[in-house]
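Asks: Pasting protein_5.pdb below, which is PDB, C-alpha atoms.
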ATOM      1  CA  MET U   1     -13.163 -24.853   9.070
ATOM      2  CA  ILE U   2      -9.722 -24.209  10.548
ATOM      3  CA  THR U   3      -9.782 -21.254  12.955
ATOM      4  CA  PRO U   4      -6.440 -19.920  14.165
ATOM      5  CA  ASP U   5      -6.202 -18.565  17.711
ATOM      6  CA  PHE U   6      -3.456 -16.040  17.232
ATOM      7  CA  LEU U   7      -3.044 -12.319  16.824
ATOM      8  CA  LEU U   8      -1.216 -10.289  14.205
ATOM      9  CA  ASN U   9      -0.672  -6.625  14.976
ATOM     10  CA  SER U  10      -2.880  -7.035  18.103
ATOM     11  CA  LYS U  11      -5.913  -7.861  15.942
ATOM     12  CA  PRO U  12      -7.623 -11.242  16.091
ATOM     13  CA  VAL U  13      -7.094 -13.086  12.824
ATOM     14  CA  HIS U  14     -10.030 -15.380  13.493
ATOM     15  CA  THR U  15     -12.319 -12.596  12.231
ATOM     16  CA  PHE U  16     -11.396 -14.022   8.823
ATOM     17  CA  ASN U  17     -11.782 -10.778   6.944
ATOM     18  CA  HIS U  18     -11.014 -10.452   3.244
ATOM     19  CA  ASN U  19      -7.673  -8.754   3.954
ATOM     20  CA  PHE U  20      -6.528 -11.901   5.753
ATOM     21  CA  TYR U  21      -7.516 -14.178   2.833
ATOM     22  CA  TYR U  22      -5.841 -11.754   0.424
ATOM     23  CA  LEU U  23      -2.620 -11.995   2.465
ATOM     24  CA  LEU U  24      -2.803 -15.794   2.399
ATOM     25  CA  GLY U  25      -3.159 -15.728  -1.407
ATOM     26  CA  PHE U  26      -0.200 -13.372  -1.738
ATOM     27  CA  LEU U  27       1.896 -15.569   0.556
ATOM     28  CA  ALA U  28       0.855 -18.703  -1.340
ATOM     29  CA  THR U  29       2.133 -17.334  -4.632
ATOM     30  CA  ASP U  30       4.859 -14.835  -3.805
ATOM     31  CA  GLY U  31       5.743 -15.370  -0.156
ATOM     32  CA  SER U  32       8.586 -17.190   1.518
ATOM     33  CA  ILE U  33       7.965 -19.379   4.525
ATOM     34  CA  MET U  34      11.256 -20.063   6.261
ATOM     35  CA  LYS U  35      11.877 -23.668   7.304
ATOM     36  CA  ASP U  36      14.002 -23.428  10.443
ATOM     37  CA  CYS U  37      12.492 -20.331  12.012
ATOM     38  CA  ASN U  38       9.130 -18.618  12.189
ATOM     39  CA  ASN U  39       9.816 -15.963   9.548
ATOM     40  CA  ILE U  40       7.309 -15.214   6.813
ATOM     41  CA  ARG U  41       8.401 -12.851   4.041
ATOM     42  CA  ILE U  42       7.193 -11.152   0.876
ATOM     43  CA  GLU U  43       9.790  -9.474  -1.331
ATOM     44  CA  ILE U  44       8.804  -7.546  -4.459
ATOM     45  CA  SER U  45       9.871  -4.683  -6.702
ATOM     46  CA  GLU U  46       9.883  -1.297  -5.010
ATOM     47  CA  GLN U  47       7.395   0.012  -7.581
ATOM     48  CA  ASP U  48       4.711  -1.933  -5.643
ATOM     49  CA  LYS U  49       5.747  -0.607  -2.245
ATOM     50  CA  ASN U  50       2.286   0.784  -1.431
ATOM     51  CA  LEU U  51       1.036  -2.787  -1.347
ATOM     52  CA  ILE U  52       3.725  -3.829   1.130
ATOM     53  CA  TYR U  53       3.043  -0.857   3.402
ATOM     54  CA  LYS U  54      -0.675  -1.692   3.354
ATOM     55  CA  ILE U  55       0.123  -5.272   4.445
ATOM     56  CA  GLN U  56       2.333  -3.933   7.226
ATOM     57  CA  LYS U  57      -0.387  -1.546   8.410
ATOM     58  CA  LEU U  58      -2.963  -4.346   8.538
ATOM     59  CA  PHE U  59      -0.824  -7.161   9.962
ATOM     60  CA  GLY U  60       2.271  -5.640  11.575
ATOM     61  CA  GLY U  61       5.752  -6.893  10.859
ATOM     62  CA  SER U  62       8.646  -4.910   9.447
ATOM     63  CA  VAL U  63       9.417  -3.407   6.048
ATOM     64  CA  THR U  64      12.852  -3.027   4.489
ATOM     65  CA  GLU U  65      13.651  -1.128   1.294
ATOM     66  CA  TYR U  66      16.988  -1.858  -0.324
ATOM     67  CA  THR U  67      18.978  -1.845  -3.545
ATOM     68  CA  LEU U  68      20.429  -5.010  -5.064
ATOM     69  CA  LYS U  69      24.047  -5.052  -6.141
ATOM     70  CA  GLY U  70      26.276  -7.337  -8.139
ATOM     71  CA  GLU U  71      25.066 -10.789  -9.210
ATOM     72  CA  SER U  72      21.753 -10.439  -7.341
ATOM     73  CA  ILE U  73      20.569  -7.948  -9.967
ATOM     74  CA  LYS U  74      20.480 -10.657 -12.665
ATOM     75  CA  LYS U  75      18.183 -12.837 -10.535
ATOM     76  CA  PHE U  76      15.529 -10.120 -10.459
ATOM     77  CA  LYS U  77      15.809  -9.098 -14.133
ATOM     78  CA  ASN U  78      17.702  -5.886 -13.427
ATOM     79  CA  VAL U  79      15.093  -4.587 -10.963
ATOM     80  CA  GLN U  80      17.510  -3.118  -8.469
ATOM     81  CA  ASN U  81      15.185  -1.496  -5.947
ATOM     82  CA  ARG U  82      13.335  -4.022  -3.792
ATOM     83  CA  ILE U  83      11.030  -3.934  -0.792
ATOM     84  CA  ALA U  84      10.357  -6.721   1.686
ATOM     85  CA  TRP U  85       7.767  -7.325   4.408
ATOM     86  CA  ARG U  86       8.644  -9.744   7.171
ATOM     87  CA  ILE U  87       6.924 -11.017  10.256
ATOM     88  CA  THR U  88       8.183 -13.541  12.785
ATOM     89  CA  HIS U  89       5.232 -15.310  14.332
ATOM     90  CA  ARG U  90       5.231 -18.971  15.389
ATOM     91  CA  GLU U  91       1.452 -19.474  15.437
ATOM     92  CA  PHE U  92       0.948 -17.827  12.043
ATOM     93  CA  HIS U  93       3.823 -19.891  10.603
ATOM     94  CA  ASN U  94       2.212 -23.061  11.967
ATOM     95  CA  TYR U  95      -1.174 -22.071  10.532
ATOM     96  CA  LEU U  96       0.302 -21.477   7.069
ATOM     97  CA  THR U  97       1.942 -24.901   7.166
ATOM     98  CA  LEU U  98      -1.283 -26.514   8.361
ATOM     99  CA  ILE U  99      -3.310 -25.156   5.420
ATOM    100  CA  GLY U 100      -0.625 -26.100   2.863
ATOM    101  CA  ILE U 101       1.508 -22.965   2.468
ATOM    102  CA  THR U 102       4.789 -24.597   3.432
ATOM    103  CA  PRO U 103       8.514 -23.896   3.181
ATOM    104  CA  CYS U 104       9.971 -24.826  -0.240
ATOM    105  CA  LYS U 105       6.439 -24.714  -1.726
ATOM    106  CA  THR U 106       7.378 -23.954  -5.336
ATOM    107  CA  TYR U 107       6.407 -27.399  -6.644
ATOM    108  CA  THR U 108       4.352 -28.640  -3.679
ATOM    109  CA  LEU U 109       1.883 -25.841  -2.873
ATOM    110  CA  ASN U 110      -1.392 -27.574  -2.058
ATOM    111  CA  VAL U 111      -4.147 -25.637  -0.283
ATOM    112  CA  THR U 112      -7.038 -27.476  -1.959
ATOM    113  CA  ASN U 113      -8.629 -28.974   1.169
ATOM    114  CA  TRP U 114      -8.494 -25.641   2.996
ATOM    115  CA  PHE U 115      -9.604 -23.641  -0.069
ATOM    116  CA  ASN U 116     -12.671 -25.848  -0.518
ATOM    117  CA  THR U 117     -13.900 -24.872   2.978
ATOM    118  CA  LEU U 118     -14.042 -21.160   2.089
ATOM    119  CA  THR U 119     -17.056 -19.172   0.983
ATOM    120  CA  ASN U 120     -16.988 -17.816  -2.579
ATOM    121  CA  ASP U 121     -16.256 -14.296  -1.271
ATOM    122  CA  ASP U 122     -13.312 -15.613   0.750
ATOM    123  CA  LYS U 123     -12.071 -17.595  -2.259
ATOM    124  CA  ASN U 124     -12.237 -14.396  -4.328
ATOM    125  CA  ALA U 125     -10.156 -12.517  -1.746
ATOM    126  CA  PHE U 126      -7.595 -15.349  -1.726
ATOM    127  CA  ILE U 127      -7.413 -15.341  -5.547
ATOM    128  CA  ARG U 128      -6.928 -11.540  -5.570
ATOM    129  CA  GLY U 129      -3.890 -12.115  -3.347
ATOM    130  CA  CYS U 130      -2.655 -14.840  -5.711
ATOM    131  CA  TRP U 131      -3.182 -12.457  -8.612
ATOM    132  CA  ASP U 132      -1.060  -9.733  -7.012
ATOM    133  CA  GLY U 133       1.575 -12.343  -6.152
ATOM    134  CA  ASP U 134       1.981 -14.188  -9.450
ATOM    135  CA  GLY U 135      -0.709 -12.893 -11.778
ATOM    136  CA  THR U 136      -0.079 -11.700 -15.298
ATOM    137  CA  ILE U 137      -1.960  -9.802 -17.975
ATOM    138  CA  PHE U 138      -1.037  -9.157 -21.593
ATOM    139  CA  TYR U 139      -2.618  -8.241 -24.890
ATOM    140  CA  LYS U 140      -2.597 -10.205 -28.124
ATOM    141  CA  ILE U 141      -3.828  -9.374 -31.605
ATOM    142  CA  ARG U 142      -6.268 -12.154 -32.459
ATOM    143  CA  ASN U 143      -6.817 -11.983 -36.212
ATOM    144  CA  GLU U 144      -6.345 -10.074 -39.431
ATOM    145  CA  LYS U 145      -8.889  -7.467 -38.217
ATOM    146  CA  LYS U 146      -6.411  -6.710 -35.479
ATOM    147  CA  ASP U 147      -8.939  -7.459 -32.720
ATOM    148  CA  LEU U 148      -7.272  -7.114 -29.370
ATOM    149  CA  GLN U 149      -7.527  -9.997 -26.916
ATOM    150  CA  VAL U 150      -6.759  -9.562 -23.222
ATOM    151  CA  ILE U 151      -5.142 -12.629 -21.687
ATOM    152  CA  THR U 152      -4.729 -13.116 -17.958
ATOM    153  CA  GLY U 153      -3.192 -15.832 -15.859
ATOM    154  CA  ILE U 154      -1.744 -16.936 -12.560
ATOM    155  CA  CYS U 155       1.622 -18.679 -12.738
ATOM    156  CA  SER U 156       2.665 -21.563 -10.524
ATOM    157  CA  ALA U 157       5.020 -24.525 -10.719
ATOM    158  CA  SER U 158       2.677 -26.506  -8.448
ATOM    159  CA  LEU U 159       0.366 -28.665 -10.530
ATOM    160  CA  SER U 160      -2.017 -29.280  -7.612
ATOM    161  CA  PHE U 161      -2.380 -25.514  -7.078
ATOM    162  CA  ILE U 162      -3.081 -24.864 -10.768
ATOM    163  CA  ASN U 163      -5.572 -27.757 -10.827
ATOM    164  CA  MET U 164      -7.353 -26.261  -7.812
ATOM    165  CA  LEU U 165      -7.677 -22.888  -9.544
ATOM    166  CA  HIS U 166      -8.749 -24.606 -12.779
ATOM    167  CA  SER U 167     -11.501 -26.472 -10.941
ATOM    168  CA  HIS U 168     -12.665 -23.327  -9.136
ATOM    169  CA  PHE U 169     -12.844 -21.297 -12.358
ATOM    170  CA  ASN U 170     -14.837 -24.115 -14.001
ATOM    171  CA  ASN U 171     -17.244 -24.176 -11.048
ATOM    172  CA  ILE U 172     -17.967 -20.453 -11.265
ATOM    173  CA  GLY U 173     -18.290 -20.413 -15.051
ATOM    174  CA  ILE U 174     -15.129 -18.565 -16.030
ATOM    175  CA  ILE U 175     -14.012 -19.601 -19.491
ATOM    176  CA  HIS U 176     -10.345 -20.437 -19.277
ATOM    177  CA  GLU U 177      -7.639 -22.761 -20.414
ATOM    178  CA  ARG U 178      -5.018 -24.478 -18.304
ATOM    179  CA  LEU U 179      -1.705 -24.524 -20.091
ATOM    180  CA  LYS U 180       0.023 -27.844 -20.498
ATOM    181  CA  GLU U 181       2.395 -28.974 -17.835
ATOM    182  CA  ASN U 182       5.966 -28.111 -18.691
ATOM    183  CA  THR U 183       8.102 -30.898 -17.218
ATOM    184  CA  PRO U 184      11.663 -29.838 -16.374
ATOM    185  CA  LYS U 185      14.389 -31.696 -18.255
ATOM    186  CA  ALA U 186      16.524 -34.030 -16.175
TER
END
Any chance you could put this one into structure tokens?

Replies:
Amino acid sequence: MITPDFLLNSKPVHTFNHNFYYLLGFLATDGSIMKDCNNIRIEISEQDKNLIYKIQKLFGGSVTEYTLKGESIKKFKNVQNRIAWRITHREFHNYLTLIGITPCKTYTLNVTNWFNTLTNDDKNAFIRGCWDGDGTIFYKIRNEKKDLQVITGICSASLSFINMLHSHFNNIGIIHERLKENTPKA
């Protein structure tokens, strides 16, 4: 198992608690790992700001709340108020890259080898972080009796990441379906 020898917020990360695995899941799905510096960032809608402040309390870093203006508003579907957590930490940045959470990871996220070394409890904590990063839930009427079906999912453009989750859910007996790959048009 990979064990990092670095500190975040003066706390040893090598304790490998569930909060740390949750953060890694959140970063894997909704984080930004900067290429030419050691910045790690999560930016989300301000309505989820309690989550960002909890991450800051546990791991340090800085939080910025701001309002989008102009063309930037369209990018975030008219959600103007945003909040961002950022930490600059070389060792943590290197660790993320080592386990497969890399800069420009949209299509290349691959943490399978690392994920397979985790205990089931640690995998669950990681998936909770993924869920909060790019999870979705919606309701659908199934039939003429108007039975309600709850549908959940985790979105990713990385096929290897989705395949990893698919395999894990199969292994633990969760009935699920992996949607077909949607290949971008050239």

Asks: Which residue, U:Ile99, U:Asn17, U:Gly61, U:Gly153, has the smallest gap to Asp132 of chain U when you use only C-alpha atoms?

Replies: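 Answer, going by the shortest atom-to-atom distance: U:Gly153.
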
Asks: Compile a residue-level contact table for segment 55-117 of chain U against segment 157-175 of chain U at a cut-off of 7 Å, reporting for every qualifying residue the shortest atom pair and its distance in Å to one decimal, with all atoms listed in the file counted, rows ordered by chain and ascending number, as JSON lines.

Replies:
{"residue": "U:Thr106", "atom": "CA", "partner": "U:Ala157", "partner_atom": "CA", "distance": 5.9}
{"residue": "U:Tyr107", "atom": "CA", "partner": "U:Ser158", "partner_atom": "CA", "distance": 4.2}
{"residue": "U:Thr108", "atom": "CA", "partner": "U:Ser158", "partner_atom": "CA", "distance": 5.5}
{"residue": "U:Leu109", "atom": "CA", "partner": "U:Ser158", "partner_atom": "CA", "distance": 5.7}
{"residue": "U:Asn110", "atom": "CA", "partner": "U:Phe161", "partner_atom": "CA", "distance": 5.5}
{"residue": "U:Thr112", "atom": "CA", "partner": "U:Met164", "partner_atom": "CA", "distance": 6.0}

Asks: With C-alpha atoms retained, export the selected residues as a CSV table (one decimal), in the frame of the given file.

Replies:
chain,number,residue,atom,x,y,z
U,106,THR,CA,7.4,-24.0,-5.3
U,107,TYR,CA,6.4,-27.4,-6.6
U,108,THR,CA,4.4,-28.6,-3.7
U,109,LEU,CA,1.9,-25.8,-2.9
U,110,ASN,CA,-1.4,-27.6,-2.1
U,112,THR,CA,-7.0,-27.5,-2.0

Asks: Expanded to explicit residues, what is the PyMOL selection byres ((chain U and resi 43) around 10) for this file, as a PyMOL selection string?

Replies: chain U and resi 30-32+41-42+44-46+49+52+63-65+82-86+133

Asks: Quick one: of U:Asp147, U:Asp48, U:Asp122, U:Asp134, who's nearest to Tyr22 of chain U, counting only C-alpha atoms?

Replies: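 Nearest to Tyr22 of chain U: U:Asp122.
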
Asks: Evaluate the PyMOL selection byres ((chain U and resi 23-25) around 6) here and jot the selected residues down as a ChimeraX atom specification.

Replies: /U:20-22,26-28,126-127,129-130

Asks: Can you tell me how far atom CA of Thr67 of chain U sits from atom CA of Asn38 of chain U, in Å to one decimal?

Replies: 25.0 Å

Asks: Separation of atom CA of Leu118 of chain U and atom CA of Leu51 of chain U, in Å?

Replies: 24.0 Å

Asks: Between atom CA of Ala125 of chain U and atom CA of Cys37 of chain U, what distance in Å does the model show, to one decimal?

Replies: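 Spanning atom CA of Ala125 of chain U to atom CA of Cys37 of chain U is a straight-line distance of 27.6 Å.
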